[in-house]
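Engineer: You'll find target_12.txt just under this line, and it carries compact mmCIF, C-alpha atoms.
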```
# COMPACT_ATOMS: atom_id res chain seq x y z
CA MET A 1 -24.42 2.33 15.00
CA LYS A 2 -26.40 0.42 12.41
CA LEU A 3 -24.29 -0.79 9.52
CA PRO A 4 -26.09 -1.89 6.35
CA LYS A 5 -26.60 -5.67 6.51
CA ALA A 6 -24.76 -6.24 3.23
CA LEU A 7 -21.73 -4.41 4.61
CA SER A 8 -21.67 -6.08 8.00
CA ARG A 9 -21.97 -9.45 6.28
CA VAL A 10 -18.81 -8.77 4.24
CA ILE A 11 -17.04 -7.54 7.39
CA GLU A 12 -18.00 -10.73 9.23
CA GLU A 13 -16.64 -12.88 6.42
CA PHE A 14 -13.31 -11.03 6.51
CA GLU A 15 -13.15 -11.42 10.29
CA LYS A 16 -13.20 -15.19 9.87
CA LEU A 17 -9.85 -15.08 8.06
CA PRO A 18 -6.67 -15.68 10.05
CA GLY A 19 -4.75 -12.52 10.90
CA VAL A 20 -7.66 -10.22 10.03
CA GLY A 21 -8.95 -8.44 13.13
CA PRO A 22 -12.27 -6.58 13.51
CA LYS A 23 -10.68 -3.23 12.60
CA SER A 24 -9.00 -4.52 9.44
CA ALA A 25 -12.17 -6.33 8.43
CA GLN A 26 -14.11 -3.08 8.80
CA ARG A 27 -11.54 -1.17 6.79
CA LEU A 28 -11.65 -3.77 4.00
CA GLY A 29 -15.45 -3.78 3.97
CA PHE A 30 -15.68 -0.01 3.63
CA TYR A 31 -12.91 -0.03 1.03
CA LEU A 32 -14.80 -2.49 -1.14
CA LEU A 33 -17.78 -0.10 -1.28
CA HIS A 34 -15.62 2.04 -3.57
CA VAL A 35 -14.47 -0.62 -6.03
CA PRO A 36 -16.33 -1.37 -9.27
CA GLN A 37 -19.07 -4.01 -9.16
CA SER A 38 -17.10 -6.09 -11.69
CA GLN A 39 -14.21 -6.47 -9.24
CA LEU A 40 -16.61 -7.59 -6.51
CA ASP A 41 -18.22 -10.12 -8.84
CA SER A 42 -14.88 -11.47 -9.96
CA PHE A 43 -13.64 -11.75 -6.34
CA GLY A 44 -16.85 -13.51 -5.33
CA GLU A 45 -16.67 -15.94 -8.22
CA ALA A 46 -12.98 -16.69 -7.57
CA LEU A 47 -13.86 -17.62 -3.99
CA SER A 48 -16.70 -19.97 -4.79
CA GLU A 49 -14.72 -21.62 -7.61
CA LEU A 50 -11.58 -22.02 -5.49
CA LYS A 51 -12.13 -25.51 -4.20
CA LYS A 52 -14.10 -26.74 -7.21
CA ASN A 53 -11.09 -26.30 -9.46
CA THR A 54 -8.34 -27.58 -7.18
CA VAL A 55 -7.54 -31.12 -6.07
CA LEU A 56 -5.09 -32.70 -3.65
CA CYS A 57 -2.57 -34.93 -5.42
CA SER A 58 -3.19 -38.49 -4.22
CA THR A 59 0.56 -39.15 -4.11
CA CYS A 60 2.07 -36.11 -2.41
CA HIS A 61 -1.12 -34.36 -1.18
CA ASN A 62 0.03 -31.04 -2.60
CA VAL A 63 -2.62 -28.69 -3.98
CA GLY A 64 -2.92 -28.83 -7.74
CA GLU A 65 -5.15 -28.74 -10.77
CA GLU A 66 -4.64 -32.40 -11.67
CA ASP A 67 -4.00 -35.68 -9.94
CA PRO A 68 -1.11 -36.60 -9.97
CA CYS A 69 0.15 -33.05 -9.61
CA TRP A 70 2.68 -31.50 -11.98
CA ILE A 71 5.59 -32.29 -9.65
CA CYS A 72 4.72 -35.97 -9.17
CA SER A 73 4.15 -36.42 -12.91
CA ASP A 74 7.36 -34.60 -13.90
CA GLU A 75 9.82 -37.29 -15.02
CA SER A 76 12.75 -34.91 -14.94
CA ARG A 77 12.43 -34.69 -11.16
CA ASP A 78 14.10 -37.15 -8.81
CA GLN A 79 11.22 -39.39 -7.74
CA GLU A 80 13.44 -41.23 -5.27
CA MET A 81 13.85 -38.28 -2.94
CA ILE A 82 10.93 -36.98 -0.85
CA CYS A 83 10.88 -33.67 0.99
CA VAL A 84 8.29 -33.77 3.79
CA VAL A 85 6.73 -30.37 4.55
CA GLU A 86 3.96 -29.12 6.82
CA ASP A 87 1.82 -27.44 4.21
CA ALA A 88 1.47 -26.45 0.57
CA LEU A 89 2.94 -22.98 1.18
CA ASP A 90 6.18 -24.69 2.22
CA VAL A 91 6.36 -26.43 -1.16
CA LEU A 92 6.14 -22.96 -2.71
CA ALA A 93 8.98 -21.69 -0.50
CA VAL A 94 11.29 -24.63 -1.31
CA GLU A 95 10.47 -24.38 -5.03
CA ARG A 96 11.25 -20.68 -4.95
CA SER A 97 14.74 -21.41 -3.66
CA GLY A 98 15.28 -23.50 -6.82
CA THR A 99 17.66 -25.90 -5.04
CA TYR A 100 15.50 -28.98 -4.80
CA LYS A 101 14.69 -31.32 -7.67
CA GLY A 102 13.02 -34.19 -5.84
CA VAL A 103 9.34 -34.65 -4.98
CA TYR A 104 7.32 -33.68 -1.91
CA HIS A 105 4.96 -35.00 0.71
CA VAL A 106 2.62 -32.44 2.24
CA LEU A 107 1.44 -33.33 5.76
CA HIS A 108 -1.20 -30.56 5.99
CA GLY A 109 -0.38 -29.91 9.62
CA VAL A 110 1.84 -31.07 12.48
CA ILE A 111 1.36 -33.44 15.36
CA ASP A 112 0.12 -31.18 18.15
CA PRO A 113 -1.32 -32.91 21.23
CA MET A 114 -2.33 -29.53 22.70
CA SER A 115 -4.77 -29.05 19.80
CA ASN A 116 -5.70 -32.72 19.74
CA ILE A 117 -3.97 -33.38 16.41
CA GLY A 118 -2.41 -36.84 16.25
CA PRO A 119 -0.36 -38.45 13.46
CA ASP A 120 -3.50 -39.93 11.88
CA ASP A 121 -5.13 -36.50 11.57
CA ILE A 122 -2.45 -35.38 9.12
CA TYR A 123 -0.97 -37.22 6.13
CA VAL A 124 1.61 -39.24 8.15
CA PRO A 125 0.13 -42.75 7.55
CA GLN A 126 0.02 -41.98 3.82
CA LEU A 127 3.73 -41.09 3.88
CA VAL A 128 4.66 -44.29 5.73
CA LYS A 129 2.64 -46.34 3.23
CA ARG A 130 4.09 -44.44 0.27
CA VAL A 131 7.65 -45.16 1.44
CA GLY A 132 6.84 -48.77 2.32
CA ASN A 133 5.36 -49.46 -1.13
CA ASN A 134 8.30 -47.99 -3.01
CA PRO A 135 11.67 -49.59 -2.19
CA LYS A 136 13.33 -47.31 -4.75
CA ILE A 137 13.01 -44.28 -2.48
CA ARG A 138 16.53 -43.26 -1.42
CA GLU A 139 16.15 -40.27 0.86
CA ILE A 140 13.50 -38.56 2.97
CA ILE A 141 14.27 -34.96 3.93
CA LEU A 142 12.21 -33.91 6.94
CA ALA A 143 11.56 -30.23 6.34
CA THR A 144 8.93 -29.53 8.98
CA ASN A 145 9.44 -26.20 10.76
CA PRO A 146 12.05 -25.96 13.54
CA THR A 147 9.32 -25.46 16.15
CA MET A 148 8.45 -27.78 19.00
CA GLU A 149 5.61 -29.36 17.00
CA GLY A 150 7.65 -29.52 13.79
CA GLU A 151 10.55 -31.25 15.53
CA ALA A 152 8.23 -33.71 17.28
CA THR A 153 6.49 -34.53 14.00
CA ALA A 154 9.84 -35.12 12.29
CA MET A 155 10.98 -37.39 15.16
CA TYR A 156 7.74 -39.36 15.02
CA ILE A 157 8.05 -39.92 11.26
CA VAL A 158 11.71 -40.97 11.60
CA GLN A 159 10.75 -43.55 14.25
CA LYS A 160 7.89 -44.92 12.12
CA LEU A 161 10.01 -45.19 8.98
CA LYS A 162 12.94 -46.80 10.83
CA THR A 163 10.68 -49.44 12.37
CA GLN A 164 9.16 -50.12 8.97
CA SER A 165 12.49 -50.45 7.18
CA THR A 166 13.89 -52.78 9.90
CA ASN A 167 10.86 -55.05 9.50
CA SER A 168 11.00 -55.07 5.72
CA PRO A 169 12.69 -58.04 4.04
CA THR A 170 14.40 -55.96 1.31
CA ASP A 171 17.74 -54.55 2.34
CA SER A 172 16.95 -50.98 1.35
CA GLN A 173 19.29 -48.16 2.33
CA LEU A 174 16.79 -45.44 3.22
CA ILE A 175 18.48 -42.21 4.32
CA LEU A 176 16.50 -39.96 6.67
CA THR A 177 17.69 -36.36 6.94
CA ARG A 178 16.57 -33.17 8.66
CA ILE A 179 16.93 -29.77 6.96
CA GLY A 180 19.83 -27.72 8.34
CA ARG A 181 19.16 -25.44 11.26
CA GLY A 182 21.33 -22.51 12.23
CA LEU A 183 21.68 -18.81 11.65
CA PRO A 184 19.63 -17.49 8.74
CA ILE A 185 21.52 -15.46 6.13
CA GLY A 186 21.81 -11.82 7.18
CA ALA A 187 21.29 -12.62 10.86
CA ASP A 188 23.41 -11.24 13.68
CA LEU A 189 24.97 -13.71 16.12
CA GLU A 190 24.51 -11.11 18.86
CA TYR A 191 20.73 -11.23 18.55
CA ALA A 192 20.27 -14.94 17.86
CA ASP A 193 18.48 -16.97 20.53
CA GLU A 194 20.29 -19.74 22.38
CA THR A 195 18.55 -22.63 20.66
CA THR A 196 19.44 -21.27 17.23
CA ILE A 197 23.11 -20.87 18.25
CA HIS A 198 23.07 -24.35 19.76
CA ARG A 199 21.70 -25.78 16.49
CA ALA A 200 24.18 -23.73 14.45
CA MET A 201 27.08 -25.15 16.49
CA GLU A 202 25.76 -28.69 16.08
CA GLY A 203 25.29 -28.14 12.37
CA ARG A 204 28.77 -26.69 11.73
CA ARG A 205 30.61 -27.95 8.65
CA GLU A 206 34.26 -28.19 7.69
CA PHE A 207 35.55 -25.84 4.96
CA MET B 1 6.12 -23.06 -9.26
CA LYS B 2 2.77 -23.58 -10.92
CA LEU B 3 -0.15 -22.72 -8.66
CA PRO B 4 -3.61 -23.95 -9.67
CA LYS B 5 -5.37 -21.17 -11.62
CA ALA B 6 -8.32 -21.08 -9.22
CA LEU B 7 -5.93 -20.52 -6.33
CA SER B 8 -3.80 -17.85 -7.96
CA ARG B 9 -6.96 -16.03 -8.98
CA VAL B 10 -8.10 -15.81 -5.34
CA ILE B 11 -4.60 -14.70 -4.31
CA GLU B 12 -4.64 -11.96 -6.96
CA GLU B 13 -8.00 -10.68 -5.72
CA PHE B 14 -6.71 -10.48 -2.15
CA GLU B 15 -3.58 -8.64 -3.33
CA LYS B 16 -5.78 -5.86 -4.70
CA LEU B 17 -6.98 -5.03 -1.19
CA PRO B 18 -5.24 -2.25 0.74
CA GLY B 19 -2.79 -3.47 3.35
CA VAL B 20 -2.70 -7.02 1.97
CA GLY B 21 0.73 -7.85 0.58
CA PRO B 22 1.65 -10.78 -1.70
CA LYS B 23 2.63 -12.98 1.26
CA SER B 24 -0.59 -12.35 3.21
CA ALA B 25 -2.64 -12.88 0.06
CA GLN B 26 -0.92 -16.22 -0.47
CA ARG B 27 -1.49 -17.25 3.12
CA LEU B 28 -5.19 -16.33 2.88
CA GLY B 29 -5.59 -18.19 -0.43
CA PHE B 30 -4.06 -21.39 0.95
CA TYR B 31 -6.06 -21.02 4.16
CA LEU B 32 -9.33 -20.86 2.24
CA LEU B 33 -8.58 -24.23 0.63
CA HIS B 34 -9.31 -25.75 4.03
CA VAL B 35 -12.63 -24.04 4.77
CA PRO B 36 -16.00 -25.62 3.88
CA GLN B 37 -17.44 -24.81 0.44
CA SER B 38 -20.47 -23.22 2.15
CA GLN B 39 -18.24 -20.56 3.74
CA LEU B 40 -16.65 -19.80 0.37
CA ASP B 41 -20.05 -19.49 -1.28
CA SER B 42 -21.35 -17.24 1.47
CA PHE B 43 -18.23 -15.04 1.31
CA GLY B 44 -18.51 -14.82 -2.48
CA GLU B 45 -22.19 -13.93 -2.36
CA ALA B 46 -21.64 -11.32 0.35
CA LEU B 47 -19.07 -9.63 -1.88
CA SER B 48 -21.18 -9.47 -5.01
CA GLU B 49 -24.24 -8.32 -3.05
CA LEU B 50 -22.29 -5.66 -1.12
CA LYS B 51 -22.93 -2.69 -3.35
CA LYS B 52 -26.32 -3.84 -4.60
CA ASN B 53 -27.77 -3.60 -1.09
CA THR B 54 -26.16 -0.37 0.08
CA VAL B 55 -26.83 3.23 -0.94
CA LEU B 56 -25.28 6.59 -0.16
CA CYS B 57 -27.70 8.86 1.71
CA SER B 58 -28.43 11.82 -0.56
CA THR B 59 -28.32 14.21 2.40
CA CYS B 60 -25.21 13.22 4.37
CA HIS B 61 -23.60 10.77 1.89
CA ASN B 62 -23.10 8.19 4.59
CA VAL B 63 -23.37 4.52 3.64
CA GLY B 64 -26.74 3.04 4.47
CA GLU B 65 -29.52 0.69 3.51
CA GLU B 66 -32.06 3.43 2.83
CA ASP B 67 -32.10 7.00 1.57
CA PRO B 68 -32.31 9.09 3.74
CA CYS B 69 -30.13 7.08 6.10
CA TRP B 70 -31.20 6.15 9.62
CA ILE B 71 -29.30 9.09 11.13
CA CYS B 72 -30.78 11.75 8.82
CA SER B 73 -34.29 10.36 9.30
CA ASP B 74 -33.97 10.10 13.10
CA GLU B 75 -36.03 12.94 14.54
CA SER B 76 -34.53 12.55 17.99
CA ARG B 77 -31.17 13.72 16.62
CA ASP B 78 -30.18 17.36 16.42
CA GLN B 79 -30.61 18.12 12.71
CA GLU B 80 -29.15 21.61 13.17
CA MET B 81 -25.66 20.40 13.94
CA ILE B 82 -23.49 18.79 11.27
CA CYS B 83 -20.27 16.89 11.93
CA VAL B 84 -18.13 16.81 8.77
CA VAL B 85 -15.94 13.68 8.49
CA GLU B 86 -13.62 12.25 5.86
CA ASP B 87 -15.27 8.88 5.45
CA ALA B 88 -17.96 6.51 6.63
CA LEU B 89 -15.61 4.75 9.05
CA ASP B 90 -15.24 8.07 10.89
CA VAL B 91 -19.01 8.20 11.44
CA LEU B 92 -18.68 4.78 13.05
CA ALA B 93 -15.89 6.03 15.34
CA VAL B 94 -17.82 9.13 16.46
CA GLU B 95 -21.00 7.08 16.99
CA ARG B 96 -19.04 4.59 19.06
CA SER B 97 -17.96 7.36 21.43
CA GLY B 98 -21.67 8.04 22.08
CA THR B 99 -21.09 11.74 22.68
CA TYR B 100 -22.59 13.21 19.54
CA LYS B 101 -26.29 13.53 18.83
CA GLY B 102 -26.28 15.68 15.68
CA VAL B 103 -26.07 14.57 12.05
CA TYR B 104 -23.12 14.03 9.71
CA HIS B 105 -21.71 14.95 6.36
CA VAL B 106 -19.34 12.40 4.83
CA LEU B 107 -16.83 13.92 2.38
CA HIS B 108 -15.53 10.57 1.05
CA GLY B 109 -11.97 11.86 0.92
CA VAL B 110 -9.86 14.96 1.53
CA ILE B 111 -8.56 17.70 -0.70
CA ASP B 112 -5.16 16.43 -1.77
CA PRO B 113 -3.46 18.30 -4.62
CA MET B 114 -0.61 15.73 -4.67
CA SER B 115 -3.10 13.04 -5.71
CA ASN B 116 -5.05 15.45 -7.91
CA ILE B 117 -8.09 15.49 -5.65
CA GLY B 118 -9.79 18.90 -5.57
CA PRO B 119 -12.82 20.06 -3.53
CA ASP B 120 -15.17 19.08 -6.34
CA ASP B 121 -13.93 15.49 -6.35
CA ILE B 122 -15.25 14.96 -2.83
CA TYR B 123 -18.62 15.95 -1.34
CA VAL B 124 -17.62 19.55 -0.51
CA PRO B 125 -19.99 21.35 -2.94
CA GLN B 126 -22.87 19.25 -1.60
CA LEU B 127 -22.03 20.37 1.95
CA VAL B 128 -21.91 24.03 0.96
CA LYS B 129 -25.26 23.69 -0.80
CA ARG B 130 -26.79 21.76 2.11
CA VAL B 131 -25.78 24.48 4.56
CA GLY B 132 -26.87 27.26 2.19
CA ASN B 133 -30.31 25.73 1.72
CA ASN B 134 -30.97 25.29 5.41
CA PRO B 135 -30.73 28.49 7.48
CA LYS B 136 -31.70 26.51 10.58
CA ILE B 137 -28.28 24.88 10.77
CA ARG B 138 -26.54 26.18 13.87
CA GLU B 139 -23.13 24.56 14.02
CA ILE B 140 -20.70 22.76 11.72
CA ILE B 141 -18.05 20.68 13.47
CA LEU B 142 -15.10 20.04 11.18
CA ALA B 143 -13.89 16.61 12.21
CA THR B 144 -11.50 15.83 9.37
CA ASN B 145 -8.28 14.17 10.54
CA PRO B 146 -5.51 16.32 12.05
CA THR B 147 -3.25 15.62 9.06
CA MET B 148 -1.98 18.14 6.53
CA GLU B 149 -4.76 17.22 4.06
CA GLY B 150 -7.42 17.06 6.76
CA GLU B 151 -6.49 20.51 8.09
CA ALA B 152 -6.39 22.00 4.59
CA THR B 153 -9.80 20.52 3.77
CA ALA B 154 -11.26 21.93 7.00
CA MET B 155 -9.77 25.37 6.23
CA TYR B 156 -11.16 25.30 2.68
CA ILE B 157 -14.66 24.42 3.89
CA VAL B 158 -14.55 27.13 6.57
CA GLN B 159 -13.61 29.74 3.93
CA LYS B 160 -16.37 28.60 1.59
CA LEU B 161 -19.04 28.61 4.29
CA LYS B 162 -17.96 31.99 5.64
CA THR B 163 -18.13 33.57 2.19
CA GLN B 164 -21.55 32.05 1.63
CA SER B 165 -22.97 33.24 4.97
CA THR B 166 -21.62 36.78 4.44
CA ASN B 167 -23.35 36.94 1.06
CA SER B 168 -26.62 35.53 2.32
CA PRO B 169 -29.40 38.03 3.19
CA THR B 170 -30.57 36.16 6.30
CA ASP B 171 -28.71 37.08 9.44
CA SER B 172 -27.86 33.51 10.44
CA GLN B 173 -25.44 32.82 13.25
CA LEU B 174 -23.56 29.83 11.87
CA ILE B 175 -20.87 28.55 14.24
CA LEU B 176 -17.91 26.76 12.67
CA THR B 177 -15.81 24.62 14.99
CA ARG B 178 -12.86 22.24 14.72
CA ILE B 179 -12.64 19.09 16.87
CA GLY B 180 -10.19 19.43 19.75
CA ARG B 181 -6.60 18.46 19.16
CA GLY B 182 -4.14 17.59 21.88
CA LEU B 183 -2.77 14.64 23.77
CA PRO B 184 -4.83 11.48 23.39
CA ILE B 185 -5.92 9.79 26.62
CA GLY B 186 -3.21 7.48 27.95
CA ALA B 187 -0.44 9.30 26.07
CA ASP B 188 2.86 10.33 27.57
CA LEU B 189 3.93 13.99 27.23
CA GLU B 190 7.53 12.81 27.00
CA TYR B 191 6.87 10.96 23.74
CA ALA B 192 4.39 13.36 22.12
CA ASP B 193 5.55 15.17 18.97
CA GLU B 194 5.96 18.94 18.93
CA THR B 195 2.89 19.69 16.84
CA THR B 196 0.67 17.69 19.19
CA ILE B 197 2.10 19.54 22.21
CA HIS B 198 1.68 22.85 20.40
CA ARG B 199 -1.98 22.02 19.66
CA ALA B 200 -2.52 20.80 23.22
CA MET B 201 -1.20 24.10 24.58
CA GLU B 202 -3.41 26.09 22.21
CA GLY B 203 -6.40 23.94 23.14
CA ARG B 204 -5.93 24.23 26.92
CA ARG B 205 -9.05 24.87 29.00
CA GLU B 206 -9.65 26.42 32.40
CA PHE B 207 -10.74 24.13 35.25
```
Written as structure tokens, how would this file's structure read?

Structural biologist:
Amino acid sequence: MKLPKALSRVIEEFEKLPGVGPKSAQRLGFYLLHVPQSQLDSFGEALSELKKNTVLCSTCHNVGEEDPCWICSDESRDQEMICVVEDALDVLAVERSGTYKGVYHVLHGVIDPMSNIGPDDIYVPQLVKRVGNNPKIREIILATNPTMEGEATAMYIVQKLKTQSTNSPTDSQLILTRIGRGLPIGADLEYADETTIHRAMEGRREF
Amino acid sequence: MKLPKALSRVIEEFEKLPGVGPKSAQRLGFYLLHVPQSQLDSFGEALSELKKNTVLCSTCHNVGEEDPCWICSDESRDQEMICVVEDALDVLAVERSGTYKGVYHVLHGVIDPMSNIGPDDIYVPQLVKRVGNNPKIREIILATNPTMEGEATAMYIVQKLKTQSTNSPTDSQLILTRIGRGLPIGADLEYADETTIHRAMEGRREF
């Protein structure tokens, strides 16, 4: 079956996206044949402008329009508290919860030896330096995902920061915390996996 | 949470696509921040060129690069047999099976009174005219989907073509067929719905 080149090109581009299989890509390609040319042009332009009009904040490495980003330059936020997350989507999720008023540090990945990603391939050294340069920082919340890689990355960062603060001459009281792990709201104990129950027991709190 | 405009614009464009929810759109938008600019440019260009470099064949209304399309202009195919399908993706599916050597007619939709789509909103009149103009045509296979709308569309077309052939002076022997319905290969009788079993019984064949 010969597909028009213009169509198969669009299908190929969709196939490159994560979570889009050959069948979905085909469906999207054929769907777009029915939309107005103006929508196609606007989609195309949005794509090629995407990276030109976004920058990574040089402080927290979050995605933004300006450097420093709006969170790092917001004086009403607690600049002495850093929440370390795996990627920019996690910042969005924490912001949506509305419970956090500190600043962030986006790692853009996790340490994953299986995929050959070491601490220097993500923004870990920048975090260590950022904390070392600013003795005012009070707390680091490690909010990487509760996966094997997320836990390992959190442990690595904790080790690095502890070594650094022991070696530093100033007697700073840096608190390192890990986000709570346990049963998500609405979950059923009956269906929870063992590790989650184990973490929920460990993370129990008094009334 | 303030997202950069360039990013939220890309996310909005993805959200317009069928089957892409707000969360997937967000994930795709953030993912694209990490791909090379050249891939973004090529994706964008592919989108805006999509419709400029494709045409609908004026005979079968399939999507192609030329008019008539490669199927209608292929003399090795049986031009006296027309397979009527709902959309261009269905042509792809039938071609993939490799069992059909006739030509097609793409309706680009189904008759669906609930969505206000009548026979004149899809390529039904064109099919009736095409068959009326060509007394050589021997068989029409109605291969619309076995859904309520697909069945109704097939029935409507059969009625129209029958009326037309009764009124025509030439004594043509036009055969109207419906694709077989029954249990798909690999299915389990135990889990098949009643209508499928009913159709499978009706469509039984002698060894």

Engineer: Up to 9 Å from chain A, what residues of chain B turn up? Count only C-alpha atoms and give them as a PyMOL selection string.

Structural biologist: chain B and resi 1-7+9-10+13-14+17-19+24+26-34+36-55+63-66+70+88-89+91-92+95-96

Engineer: If I take atom CA of A:Arg199 and atom CA of A:Thr153, how far is one from the other in Å, to one decimal?

Structural biologist: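 Interatomic distance here is 17.7 Å.
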
Engineer: Please identify all polymer residues within 8 Å of A:Leu142, counting all atoms listed in the file, omitting same-chain residues fewer than 2 positions from it, and present them as number ranges by chain.

Structural biologist: A: 83-85, 140, 144, 154, 176-179

Engineer: Just the residues within 7 Å of B:Ile122, please, counting only C-alpha atoms, with nothing from its chain fewer than 2 positions along; format it as a PDB file with C-alpha atoms, in the frame of the given file.

Structural biologist:
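Output (out09.pdb):
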```
ATOM      1  CA  LEU B 107     -16.830  13.920   2.380  1.00  0.00           C
ATOM      2  CA  HIS B 108     -15.530  10.570   1.050  1.00  0.00           C
ATOM      3  CA  GLY B 109     -11.970  11.860   0.920  1.00  0.00           C
ATOM      4  CA  VAL B 110      -9.860  14.960   1.530  1.00  0.00           C
ATOM      5  CA  PRO B 119     -12.820  20.060  -3.530  1.00  0.00           C
ATOM      6  CA  ASP B 120     -15.170  19.080  -6.340  1.00  0.00           C
ATOM      7  CA  VAL B 124     -17.620  19.550  -0.510  1.00  0.00           C
TER       8      VAL B 124
END
```

Engineer: Measuring between all atoms listed in the file, which one of A:Gly132, A:Phe207, A:Ser58, A:Glu139 shows the shortest distance to A:Thr166?

Structural biologist: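 Under the stated criterion, the closest residue is A:Gly132.
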
Engineer: How many Å separate atom CA of B:Cys57 from atom CA of B:Ile137?

Structural biologist: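 Interatomic distance here is 18.4 Å.
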
Engineer: Excluding same-chain residues fewer than 4 positions from stretch 191-197 of chain A, what lies within 7 Å of it counting only C-alpha atoms, as a ChimeraX atom specification?

Structural biologist: /A:182-183,201

Engineer: Dump C-alpha atoms for the selected residues as a compact mmCIF listing (two decimals), in the coordinates of the input?

Structural biologist:
```txt
# COMPACT_ATOMS: atom_id res chain seq x y z
CA GLY A 182 21.33 -22.51 12.23
CA LEU A 183 21.68 -18.81 11.65
CA MET A 201 27.08 -25.15 16.49
```

Engineer: Just the number, please: distance in Å from atom CA of A:Glu80 to atom CA of A:Ile175, one decimal.

Structural biologist: 10.9 Å
